[in-house]
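Heads up, the thing below is written out as structure tokens.
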Amino acid sequence: MKLLRETYLVLRKDLVLQLRRRDSLLTMFFFGTLLLFVFHLSFDLVPDRVSEMAPGLLWLAFLFTGTLGLAQLFGAERENQCLDALLLSPLDRGALFLAKACLNFILMLLVELVIIPLFWILFNLQTWNLLPQVFLIALLGTLGFCVLGTVMSALTLRARARELLLPLVLFPLMIPIILATIQCLGAVLRGGELGDALPWLRLLIGFDVIFLTLGVLVFDWVIEIE
Amino acid sequence: MGSWGFVFLAYGIVWGCIVTYLFALKRRVRCAEEELMQLRAPEESSDHDKK
Amino acid sequence: MKKGQPQKSRARFLGALALITIAFGLYWALVQAPRDALQGDVQRIMYLHLPSILTAYLSFFLVFIGSCLYLWKREKRDDNLAHSAAELGVLFTALTIIEGSIWGKPTWGVWWTWDARLTLTAILLLIYSGYLMLRSLIDDEDRAALSAAILGIVGFLDIPLIHMSVYWWRTLHQPPSILRPDKLPWENVHPAMLTALAINFVGFLLLYFYLLSLRLHLGEVRSEIKTRRLNQGAF
């Protein structure tokens with residue numbers, strides 16, 4: 001319980017900061033939209049092919065947008081040595097991890113809430129009824145991304161060329177999530193339900209649980225890096 | 001390219017890379033050891049002075 | 001200082017042993033082992049490929065062990081093991097991919113195919129190259145070691161998940177390919193082939209441990225250099 005309460009405290013602080021300044025949120029939102037435009041221009045998308053390519057394009061857009069958010073995740077703490085102050089407090093390191101992962105998760109969800117319908121509009125998809133399932137799958141995938149990404153973001157905090165290094169170490173490890181999410185989304189868009197893709201959904205949930213636990217356990221050492 | 005061509009290509013590249021890595025590694029070790037010798041030298045000469 | 005001498009002669013002995021075994025292995029692979037009925041002489045690449053895969057996976061396991069030990073005890077020696085094993089692992093993984101590609105060209109007609117094995121090996125290469133880059137981009141030694149240790153552990157634990165997802169992905173999309181170089185029909189294997197394979201396995205392992213001992217030695221020397229420089233700077 002104490003863990004959750006501490007998580008909530010740090011999360012609330014960050015959310016208030018974000019909602020006041022909105023710089024992370026807006027950058028992510030505009031970048032995601034920009035990517036949709038670039039994708040449409042880059043791929044010659046005939047209407048029947050769009051459904052096939054939609055999962056991949058959507059998820060690519062979220063990956064890159066999410067990476068932007070991750071790079072800024074500890075931005076507030078880096079100034080004025082706030083991170084040292086946080087670490088000197090009796091705050092559980094696991095709580096810090098959960099709070100940061102939650103923060104990125106919430107930001108990404110807010111962005112996805114806009115980008116997904118936007119995608120349907122821009123690419124002329126008709127399957128509006130499938131949006132709830134699409135959101136659910138995107139939610140699970142985003143969770144995995146945020147959890148693993150927060151660990152990697154903290155690991156690369158003091159590295160040179162950090163903005164390049166973060167995706168470099170994160171993306172290969174994200175491959176199960178990428179594959180699982182795209183397979184699930186593909187199944188839903190084709191048939192309206194998961195059907196054959198159920199094992200992928202289990203893999204997705206399994207990944208989320210494993211790395212959420214691992215993140216909480218490992219963060220003690222990760223943040224020692226500062 | 002015949003069958004043996006591919007075989008020799010594969011074996012050639014692999015052993016070429018391994019041998020190159022080995023020599024590069026040996027050179028790195030040699031350079032590091034020389035540097036270490038230099039750092040140790042003043043210490044050994046001061047040991048002699050004390051004796 | 002004479003204390004390095006017994007270590008050096010042990011290493012040299014290991015190296016010589018490796019060389020002899022590899023020479024034997026080459027002879028058996030290229031001359032003594034019979035021609036494969038299906039694939040012809042190209043199949044001889046297997047005597048390189050399987051041992052390479054073995055040493056690559058062994059390496060990454062050692063990275064995991066070294067990383068765990070380092071997190072637990074914080075001894076430079078364990079960090080050295082992780083770093084050295086990662087370097088060798090990247091080397092042997094890259095070689096595995098090259099061999100797989102060259103074997104694939106006459107067998108499947110293409111230099112690259114996104115089949116499960118090749119894709120998986122490529123992902124491993126990316127993960128451990130990232131590990132090496134992480135280390136080189138963090139200036140503080142202790143932070144670099146700590147970050148790398150965590151990456152080494154998280155990466156290794158992710159590998160089964162990556163393995164599963166890539167294999168599922170491939171079996172859903174493509175029919176199983178007829179000629180898969182990494183599938184061995186064990187029933188009709190000629191004993192000479194098994195011998196060749198065994199000799200080459202041993203040869204590669206000996207070579208691996210020889211290279212590892214050299215690389216570990218390099219790490220120790222560098223470590224001592226750093227310590228001495230720090231101490232000298234203090235005066």
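By convention in this document, the chains of the structure tokens carry letters A, B, ... by their order, each chain's residues are numbered from 1, and ligands are numbered from 1 in the order they are shown.
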Find the nearest atom pair between each residue of chain B and chain C for residues within 9 Å, count only C-alpha atoms, give distances in Å to one decimal, sort rows by chain and ascending number, and present the table as a tab-separated table.
residue	atom	partner	partner_atom	distance
B:Met1	CA	C:Pro106	CA	8.8
B:Gly2	CA	C:Pro106	CA	8.7
B:Ser3	CA	C:Val42	CA	5.2
B:Trp4	CA	C:Asp41	CA	6.4
B:Gly5	CA	C:Val42	CA	8.6
B:Phe6	CA	C:Ile102	CA	6.5
B:Val7	CA	C:Val42	CA	5.7
B:Phe8	CA	C:Ile45	CA	9.0
B:Leu9	CA	C:Ile102	CA	7.8
B:Ala10	CA	C:Glu99	CA	5.7
B:Tyr11	CA	C:Leu48	CA	7.4
B:Ile13	CA	C:Leu95	CA	8.3
B:Val14	CA	C:Leu95	CA	6.1
B:Cys17	CA	C:Leu95	CA	8.1
B:Ile18	CA	C:Leu91	CA	8.3
B:Tyr21	CA	C:Leu91	CA	8.6
B:Leu22	CA	C:Leu211	CA	7.1
B:Leu25	CA	C:Arg215	CA	7.0
B:Lys26	CA	C:Leu214	CA	7.6
B:Arg28	CA	C:Leu218	CA	7.3
B:Val29	CA	C:Leu218	CA	5.3
B:Arg30	CA	C:Leu218	CA	8.8
B:Ala32	CA	C:Val221	CA	6.5
B:Glu33	CA	C:Val221	CA	6.6
B:Glu35	CA	C:Ile225	CA	7.5
B:Leu36	CA	C:Ile225	CA	5.8
B:Leu39	CA	C:Arg228	CA	7.1
B:Arg40	CA	C:Arg228	CA	8.3
Nearby residues (only C-alpha atoms) at most 9 Å from A:Gly94, same-chain spacing under 4 positions excluded, as an MDAnalysis selection string: chainID A and resid 3 7 98:99 215:220
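Residue nearest C:Ala144, chosen from C:Pro6, C:Lys76, C:Ala56, C:Asp115 and counting only C-alpha atoms: C:Lys76.
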Nearest residue to C:Ile199 from the set C:Tyr128, C:Tyr57, C:Phe24, C:Trp72 (distances using only C-alpha atoms): C:Phe24
Residues of chain A within 7 Å of chain C, counting only C-alpha atoms, as a count of residues only: 13
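Atom pair atom CA of A:Gln133 / atom CA of A:Val114 has a distance of 15.4 Å (rounded to one decimal).
Atom CA of A:Ile178 sits 21.1 Å away from atom CA of A:Ser42.
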